[in-house]
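Structure first, commentary second.
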Amino acid sequence: MQEARETYISWDECFMRMAHVISERSKDPSTQAGALIATPNNVVVGLGYNGFPRGVDNDALPWEREGDFLNTKYAYVCHAEENAVYNANTRTHGCKIYCTLFPCNECAKTIIQNGITEMIYESDKYHDVPAFIASRRLFDRAGVRCRQYLSDWKNDELPN
């Protein structure tokens, strides 16, 4: 009898790769983020990427990163983590979320309010930005386990 293959990828690797793949759906010219929600039994229940809300034309609003708030993408874009929660096909209580970027404070609140208990991230390039410091505080106080996972697949291309 043939033995099982031993070179298969871990769940962390599988889910982080999938988060990267879904991030490629983003129309954002500067940042493509992806997120995946999985149950404790490793069943995918939600996927998301950053972009404008459904029904909003991708050319109708600005994609700029700097300038007056109303003339930047920040007033209009739904983050990958939010979209993964919105797109979930079941309750997310007790689930884990895989994020290509460490979540901002607004996404941290969404993750916490939806009962997600573990957040696995890859890039932490905004570590010292106040919104991400606040995010860490929220996760810590809510008891959400946070850990970094660096995918073997795309690690060469990632900023910090």
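If you're wondering about the labels, chains in the structure tokens are A, B, ... by order shown, residues count from 1 in each chain, ligands from 1 in order shown.
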request  = Compile the contact shell of stretch 114-120 of chain A as a list in words: residues with an atom at most 7 Å away, counting only C-alpha atoms, same-chain residues fewer than 5 positions apart removed.
outcome  =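 Skipping anything fewer than 5 positions along the chain leaves Thr92, His93, Gly94, Cys95, Lys96, Ile97, Tyr98, Cys99, Val144, Arg145, Cys146, Arg147, Gln148 and Tyr149 of chain A.
Every protein, DNA or RNA residue with an atom at most 8 Å from A:Leu138, where only C-alpha atoms count and chain neighbours fewer than 6 positions away do not, is listed here: Asn105, Ala108 and Lys109 of chain A.
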Store the residues of this selection in a file with N, CA, C and O atoms, as a compact mmCIF listing (two decimals), in the first residue's frame.
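So the final result, stored in result.txt, reads:
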# COMPACT_ATOMS: atom_id res chain seq x y z
N ASN A 105 -7.62 49.58 13.39
CA ASN A 105 -8.50 49.58 14.56
C ASN A 105 -9.97 49.35 14.20
O ASN A 105 -10.70 48.69 14.94
N ALA A 108 -10.29 45.73 13.56
CA ALA A 108 -10.14 45.02 14.84
C ALA A 108 -11.48 44.99 15.56
O ALA A 108 -11.88 43.95 16.11
N LYS A 109 -12.19 46.12 15.56
CA LYS A 109 -13.50 46.16 16.22
C LYS A 109 -14.48 45.19 15.54
O LYS A 109 -15.23 44.48 16.23
key: chain A: residues DSSP assigns to alpha helix (DSSP H), reported as a ChimeraX atom specification   = /A:11-23,80-87,105-113,130-142
task = Excluding stretch 34-48 of chain A and residues on its chain fewer than 2 positions from it, collect all residues at most 7 Å away from it, counting only C-alpha atoms, and give them as a PyMOL selection string.
result = chain A and resi 15+19-20+22-23+32+50+80-81+83-85+87-90+94-100
Save the residues we just selected, N, CA and C atoms, as a short mmCIF file (atom, residue, chain, number, x, y, z; two decimals), in the first residue's frame?
data_model
loop_
_atom_site.label_atom_id
_atom_site.label_comp_id
_atom_site.auth_asym_id
_atom_site.auth_seq_id
_atom_site.Cartn_x
_atom_site.Cartn_y
_atom_site.Cartn_z
N PHE A 15 -4.14 28.77 3.96
CA PHE A 15 -5.05 29.90 4.13
C PHE A 15 -4.38 31.24 3.82
N ALA A 19 -5.57 33.89 1.03
CA ALA A 19 -5.78 35.31 1.31
C ALA A 19 -5.05 36.17 0.28
N HIS A 20 -3.86 35.74 -0.11
CA HIS A 20 -3.13 36.47 -1.16
C HIS A 20 -3.85 36.37 -2.51
N ILE A 22 -7.11 35.97 -3.08
CA ILE A 22 -8.31 36.81 -3.09
C ILE A 22 -7.92 38.29 -3.13
N SER A 23 -6.77 38.65 -2.57
CA SER A 23 -6.33 40.05 -2.61
C SER A 23 -6.13 40.54 -4.04
N GLN A 32 -3.18 45.90 -2.19
CA GLN A 32 -4.10 44.78 -2.38
C GLN A 32 -4.03 43.95 -1.11
N ASN A 50 -9.93 44.26 -0.26
CA ASN A 50 -10.24 45.68 -0.11
C ASN A 50 -10.79 46.26 -1.41
N ALA A 80 -10.42 44.41 3.60
CA ALA A 80 -10.52 42.97 3.35
C ALA A 80 -11.15 42.24 4.53
N GLU A 81 -10.75 42.61 5.74
CA GLU A 81 -11.26 41.93 6.93
C GLU A 81 -12.77 42.15 7.08
N ASN A 83 -14.89 42.85 4.68
CA ASN A 83 -15.56 42.11 3.61
C ASN A 83 -15.60 40.61 3.89
N ALA A 84 -14.56 40.07 4.49
CA ALA A 84 -14.58 38.64 4.84
C ALA A 84 -15.71 38.36 5.83
N VAL A 85 -15.90 39.26 6.80
CA VAL A 85 -17.00 39.10 7.76
C VAL A 85 -18.33 39.26 7.05
N ASN A 87 -19.07 38.72 4.02
CA ASN A 87 -19.27 37.63 3.07
C ASN A 87 -19.37 36.26 3.73
N ALA A 88 -19.18 36.18 5.04
CA ALA A 88 -19.20 34.88 5.72
C ALA A 88 -20.56 34.20 5.54
N ASN A 89 -20.50 32.90 5.31
CA ASN A 89 -21.74 32.17 5.07
C ASN A 89 -22.28 31.48 6.33
N THR A 90 -21.70 31.82 7.48
CA THR A 90 -22.17 31.31 8.77
C THR A 90 -21.66 32.24 9.86
N GLY A 94 -15.74 32.12 17.35
CA GLY A 94 -14.75 31.07 17.57
C GLY A 94 -13.86 30.80 16.37
N CYS A 95 -14.06 31.54 15.29
CA CYS A 95 -13.25 31.34 14.08
C CYS A 95 -11.91 32.07 14.19
N LYS A 96 -11.08 31.84 13.17
CA LYS A 96 -9.81 32.54 13.03
C LYS A 96 -9.84 33.27 11.70
N ILE A 97 -9.09 34.38 11.62
CA ILE A 97 -9.02 35.16 10.39
C ILE A 97 -7.57 35.29 9.97
N TYR A 98 -7.33 35.06 8.70
CA TYR A 98 -6.01 35.21 8.09
C TYR A 98 -6.01 36.51 7.30
N CYS A 99 -5.03 37.37 7.55
CA CYS A 99 -4.97 38.70 6.93
C CYS A 99 -3.61 38.92 6.30
N THR A 100 -3.60 39.41 5.08
CA THR A 100 -2.31 39.71 4.45
C THR A 100 -1.64 40.90 5.12
#
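Atom CA of A:Ala75 is found 9.8 Å from atom CA of A:Phe52.
Shell of A:Cys107 at 10 Å, with only C-alpha atoms counted and residues fewer than 4 places along the chain excluded, is A:Cys78, A:His79, A:Ala80, A:Glu81, A:Glu82, A:Asn83, A:Val85, A:Phe102, A:Pro103, A:Ile111, A:Ile112, A:Gln113, A:Phe132, A:Ser135.
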Which residues are near stretch 61-73 of chain A? Cut-off 12 Å, only C-alpha atoms, ignore same chain within fewer than 2 positions. Put them as a PDB file with all heavy atoms, in the first residue's frame.
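Produced file result.pdb, reproduced below:
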ATOM      1  N   SER A  26      -8.633  42.913  -5.771  1.00  0.00           N
ATOM      2  CA  SER A  26      -8.718  44.331  -5.431  1.00  0.00           C
ATOM      3  C   SER A  26      -8.373  45.206  -6.632  1.00  0.00           C
ATOM      4  O   SER A  26      -7.424  44.935  -7.360  1.00  0.00           O
ATOM      5  CB  SER A  26      -7.760  44.649  -4.279  1.00  0.00           C
ATOM      6  OG  SER A  26      -7.768  46.037  -4.026  1.00  0.00           O
ATOM      7  N   LYS A  27      -9.152  46.277  -6.790  1.00  0.00           N
ATOM      8  CA  LYS A  27      -8.888  47.248  -7.865  1.00  0.00           C
ATOM      9  C   LYS A  27      -7.998  48.390  -7.388  1.00  0.00           C
ATOM     10  O   LYS A  27      -7.610  49.248  -8.157  1.00  0.00           O
ATOM     11  CB  LYS A  27     -10.191  47.868  -8.377  1.00  0.00           C
ATOM     12  CG  LYS A  27     -11.301  47.004  -8.977  1.00  0.00           C
ATOM     13  CD  LYS A  27     -11.069  45.578  -9.161  1.00  0.00           C
ATOM     14  CE  LYS A  27     -12.301  44.813  -9.594  1.00  0.00           C
ATOM     15  NZ  LYS A  27     -12.916  44.001  -8.564  1.00  0.00           N
ATOM     16  N   ASP A  28      -7.670  48.412  -6.097  1.00  0.00           N
ATOM     17  CA  ASP A  28      -6.843  49.459  -5.508  1.00  0.00           C
ATOM     18  C   ASP A  28      -5.465  49.445  -6.166  1.00  0.00           C
ATOM     19  O   ASP A  28      -4.785  48.427  -6.156  1.00  0.00           O
ATOM     20  CB  ASP A  28      -6.715  49.213  -4.002  1.00  0.00           C
ATOM     21  CG  ASP A  28      -6.033  50.344  -3.256  1.00  0.00           C
ATOM     22  OD1 ASP A  28      -5.141  51.002  -3.828  1.00  0.00           O
ATOM     23  OD2 ASP A  28      -6.380  50.555  -2.089  1.00  0.00           O
ATOM     24  N   PRO A  29      -5.033  50.567  -6.753  1.00  0.00           N
ATOM     25  CA  PRO A  29      -3.752  50.577  -7.454  1.00  0.00           C
ATOM     26  C   PRO A  29      -2.532  50.526  -6.542  1.00  0.00           C
ATOM     27  O   PRO A  29      -1.441  50.184  -7.002  1.00  0.00           O
ATOM     28  CB  PRO A  29      -3.781  51.886  -8.240  1.00  0.00           C
ATOM     29  CG  PRO A  29      -4.769  52.742  -7.546  1.00  0.00           C
ATOM     30  CD  PRO A  29      -5.763  51.826  -6.907  1.00  0.00           C
ATOM     31  N   SER A  30      -2.686  50.814  -5.244  1.00  0.00           N
ATOM     32  CA  SER A  30      -1.507  50.845  -4.376  1.00  0.00           C
ATOM     33  C   SER A  30      -1.449  49.725  -3.340  1.00  0.00           C
ATOM     34  O   SER A  30      -0.369  49.313  -2.945  1.00  0.00           O
ATOM     35  CB  SER A  30      -1.415  52.191  -3.661  1.00  0.00           C
ATOM     36  OG  SER A  30      -2.544  52.411  -2.862  1.00  0.00           O
ATOM     37  N   THR A  31      -2.587  49.223  -2.888  1.00  0.00           N
ATOM     38  CA  THR A  31      -2.594  48.202  -1.836  1.00  0.00           C
ATOM     39  C   THR A  31      -3.624  47.138  -2.167  1.00  0.00           C
ATOM     40  O   THR A  31      -4.793  47.451  -2.380  1.00  0.00           O
ATOM     41  CB  THR A  31      -2.951  48.830  -0.466  1.00  0.00           C
ATOM     42  OG1 THR A  31      -2.022  49.867  -0.177  1.00  0.00           O
ATOM     43  CG2 THR A  31      -2.917  47.784   0.633  1.00  0.00           C
ATOM     44  N   ASN A  50      -9.929  44.262  -0.263  1.00  0.00           N
ATOM     45  CA  ASN A  50     -10.240  45.680  -0.109  1.00  0.00           C
ATOM     46  C   ASN A  50     -10.788  46.259  -1.412  1.00  0.00           C
ATOM     47  O   ASN A  50     -10.275  45.984  -2.499  1.00  0.00           O
ATOM     48  CB  ASN A  50      -9.009  46.468   0.353  1.00  0.00           C
ATOM     49  CG  ASN A  50      -7.825  46.355  -0.588  1.00  0.00           C
ATOM     50  OD1 ASN A  50      -7.444  45.259  -1.003  1.00  0.00           O
ATOM     51  ND2 ASN A  50      -7.226  47.481  -0.922  1.00  0.00           N
ATOM     52  N   GLY A  51     -11.845  47.051  -1.278  1.00  0.00           N
ATOM     53  CA  GLY A  51     -12.443  47.687  -2.437  1.00  0.00           C
ATOM     54  C   GLY A  51     -13.651  48.513  -2.047  1.00  0.00           C
ATOM     55  O   GLY A  51     -14.071  48.518  -0.890  1.00  0.00           O
ATOM     56  N   PHE A  52     -14.200  49.206  -3.023  1.00  0.00           N
ATOM     57  CA  PHE A  52     -15.388  50.008  -2.774  1.00  0.00           C
ATOM     58  C   PHE A  52     -16.589  49.098  -2.500  1.00  0.00           C
ATOM     59  O   PHE A  52     -16.602  47.940  -2.919  1.00  0.00           O
ATOM     60  CB  PHE A  52     -15.691  50.905  -3.976  1.00  0.00           C
ATOM     61  CG  PHE A  52     -14.652  51.967  -4.236  1.00  0.00           C
ATOM     62  CD1 PHE A  52     -14.362  52.362  -5.526  1.00  0.00           C
ATOM     63  CD2 PHE A  52     -13.970  52.582  -3.189  1.00  0.00           C
ATOM     64  CE1 PHE A  52     -13.412  53.352  -5.769  1.00  0.00           C
ATOM     65  CE2 PHE A  52     -13.027  53.562  -3.424  1.00  0.00           C
ATOM     66  CZ  PHE A  52     -12.742  53.952  -4.725  1.00  0.00           C
ATOM     67  N   PRO A  53     -17.596  49.610  -1.821  1.00  0.00           N
ATOM     68  CA  PRO A  53     -18.794  48.802  -1.552  1.00  0.00           C
ATOM     69  C   PRO A  53     -19.445  48.306  -2.846  1.00  0.00           C
ATOM     70  O   PRO A  53     -19.288  48.918  -3.917  1.00  0.00           O
ATOM     71  CB  PRO A  53     -19.720  49.781  -0.827  1.00  0.00           C
ATOM     72  CG  PRO A  53     -18.805  50.796  -0.224  1.00  0.00           C
ATOM     73  CD  PRO A  53     -17.684  50.938  -1.217  1.00  0.00           C
ATOM     74  N   VAL A  56     -20.738  50.259  -6.278  1.00  0.00           N
ATOM     75  CA  VAL A  56     -20.034  51.525  -6.516  1.00  0.00           C
ATOM     76  C   VAL A  56     -18.997  51.289  -7.601  1.00  0.00           C
ATOM     77  O   VAL A  56     -18.118  50.429  -7.457  1.00  0.00           O
ATOM     78  CB  VAL A  56     -19.361  52.052  -5.223  1.00  0.00           C
ATOM     79  CG1 VAL A  56     -18.548  53.296  -5.505  1.00  0.00           C
ATOM     80  CG2 VAL A  56     -20.410  52.314  -4.151  1.00  0.00           C
ATOM     81  N   ASP A  57     -19.103  52.046  -8.669  1.00  0.00           N
ATOM     82  CA  ASP A  57     -18.183  51.927  -9.798  1.00  0.00           C
ATOM     83  C   ASP A  57     -16.756  52.196  -9.336  1.00  0.00           C
ATOM     84  O   ASP A  57     -16.500  53.144  -8.597  1.00  0.00           O
ATOM     85  CB  ASP A  57     -18.593  52.927 -10.886  1.00  0.00           C
ATOM     86  CG  ASP A  57     -17.779  52.778 -12.154  1.00  0.00           C
ATOM     87  OD1 ASP A  57     -16.550  52.975 -12.096  1.00  0.00           O
ATOM     88  OD2 ASP A  57     -18.373  52.482 -13.204  1.00  0.00           O
ATOM     89  N   ASN A  58     -15.830  51.388  -9.776  1.00  0.00           N
ATOM     90  CA  ASN A  58     -14.428  51.512  -9.367  1.00  0.00           C
ATOM     91  C   ASN A  58     -13.759  52.784  -9.864  1.00  0.00           C
ATOM     92  O   ASN A  58     -12.668  53.120  -9.402  1.00  0.00           O
ATOM     93  CB  ASN A  58     -13.635  50.291  -9.816  1.00  0.00           C
ATOM     94  CG  ASN A  58     -14.007  49.073  -9.021  1.00  0.00           C
ATOM     95  OD1 ASN A  58     -13.859  49.062  -7.807  1.00  0.00           O
ATOM     96  ND2 ASN A  58     -14.520  48.053  -9.687  1.00  0.00           N
ATOM     97  N   ASP A  59     -14.386  53.476 -10.791  1.00  0.00           N
ATOM     98  CA  ASP A  59     -13.841  54.739 -11.282  1.00  0.00           C
ATOM     99  C   ASP A  59     -14.639  55.938 -10.772  1.00  0.00           C
ATOM    100  O   ASP A  59     -14.340  57.074 -11.133  1.00  0.00           O
ATOM    101  CB  ASP A  59     -13.835  54.740 -12.819  1.00  0.00           C
ATOM    102  CG  ASP A  59     -12.920  53.661 -13.382  1.00  0.00           C
ATOM    103  OD1 ASP A  59     -11.825  53.460 -12.809  1.00  0.00           O
ATOM    104  OD2 ASP A  59     -13.303  53.011 -14.369  1.00  0.00           O
ATOM    105  N   ALA A  75     -12.013  57.279   2.708  1.00  0.00           N
ATOM    106  CA  ALA A  75     -13.411  57.587   3.037  1.00  0.00           C
ATOM    107  C   ALA A  75     -14.377  56.554   2.456  1.00  0.00           C
ATOM    108  O   ALA A  75     -15.529  56.495   2.878  1.00  0.00           O
ATOM    109  CB  ALA A  75     -13.766  58.981   2.510  1.00  0.00           C
ATOM    110  N   TYR A  76     -13.918  55.724   1.534  1.00  0.00           N
ATOM    111  CA  TYR A  76     -14.837  54.906   0.751  1.00  0.00           C
ATOM    112  C   TYR A  76     -14.548  53.403   0.729  1.00  0.00           C
ATOM    113  O   TYR A  76     -15.454  52.607   0.498  1.00  0.00           O
ATOM    114  CB  TYR A  76     -14.858  55.420  -0.691  1.00  0.00           C
ATOM    115  CG  TYR A  76     -15.049  56.908  -0.769  1.00  0.00           C
ATOM    116  CD1 TYR A  76     -13.986  57.759  -1.074  1.00  0.00           C
ATOM    117  CD2 TYR A  76     -16.283  57.482  -0.470  1.00  0.00           C
ATOM    118  CE1 TYR A  76     -14.162  59.140  -1.115  1.00  0.00           C
ATOM    119  CE2 TYR A  76     -16.458  58.860  -0.504  1.00  0.00           C
ATOM    120  CZ  TYR A  76     -15.393  59.677  -0.830  1.00  0.00           C
ATOM    121  OH  TYR A  76     -15.578  61.038  -0.855  1.00  0.00           O
ATOM    122  N   VAL A  77     -13.317  52.998   0.951  1.00  0.00           N
ATOM    123  CA  VAL A  77     -12.931  51.597   0.788  1.00  0.00           C
ATOM    124  C   VAL A  77     -13.367  50.747   1.980  1.00  0.00           C
ATOM    125  O   VAL A  77     -13.216  51.146   3.131  1.00  0.00           O
ATOM    126  CB  VAL A  77     -11.395  51.482   0.583  1.00  0.00           C
ATOM    127  CG1 VAL A  77     -10.920  50.041   0.709  1.00  0.00           C
ATOM    128  CG2 VAL A  77     -11.003  52.041  -0.771  1.00  0.00           C
ATOM    129  N   CYS A  78     -13.905  49.577   1.683  1.00  0.00           N
ATOM    130  CA  CYS A  78     -14.149  48.538   2.690  1.00  0.00           C
ATOM    131  C   CYS A  78     -12.896  47.671   2.737  1.00  0.00           C
ATOM    132  O   CYS A  78     -12.396  47.230   1.697  1.00  0.00           O
ATOM    133  CB  CYS A  78     -15.330  47.655   2.296  1.00  0.00           C
ATOM    134  SG  CYS A  78     -16.915  48.491   2.328  1.00  0.00           S
ATOM    135  N   HIS A  79     -12.394  47.433   3.925  1.00  0.00           N
ATOM    136  CA  HIS A  79     -11.186  46.640   4.069  1.00  0.00           C
ATOM    137  C   HIS A  79     -11.466  45.154   3.890  1.00  0.00           C
ATOM    138  O   HIS A  79     -12.601  44.685   4.044  1.00  0.00           O
ATOM    139  CB  HIS A  79     -10.557  46.900   5.430  1.00  0.00           C
ATOM    140  CG  HIS A  79      -9.942  48.251   5.547  1.00  0.00           C
ATOM    141  ND1 HIS A  79      -9.287  48.672   6.679  1.00  0.00           N
ATOM    142  CD2 HIS A  79      -9.861  49.285   4.673  1.00  0.00           C
ATOM    143  CE1 HIS A  79      -8.831  49.896   6.500  1.00  0.00           C
ATOM    144  NE2 HIS A  79      -9.182  50.295   5.291  1.00  0.00           N
TER     145      HIS A  79
END
query = What is the atom CA of A:Glu13-atom CA of A:Ser151 distance in Å, reported with one decimal?
reply =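 Between atom CA of A:Glu13 and atom CA of A:Ser151 the gap works out to 5.7 Å.
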remark   = Counting only C-alpha atoms, closest pick from A:Cys104, A:Ala4, A:Val21, A:Ala60 relative to A:Asp128 is A:Cys104
task = Find, counting only C-alpha atoms, the residue in A:Tyr8, A:Ile133, A:Tyr126, A:Tyr86 that gets nearest to A:Thr110.
result =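 With only C-alpha atoms as the atom set, the closest residue is A:Tyr86.
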task = Please measure the separation of atom CA of A:Met18 and atom CA of A:Glu122, giving the value in Å to one decimal.
result = 12.5 Å
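Here the DSSP assignment of strand (DSSP E), based on backbone atoms, applies within stretch 17-131 of chain A to A:Gly34, A:Ala35, A:Leu36, A:Ile37, A:Ala38, A:Val44, A:Val45, A:Gly46, A:Leu47, A:Gly48, A:Tyr49, A:Lys96, A:Ile97, A:Tyr98, A:Cys99, A:Thr100, A:Leu101, A:Glu118, A:Met119, A:Ile120, A:Tyr121, A:Glu122, A:Ser123.
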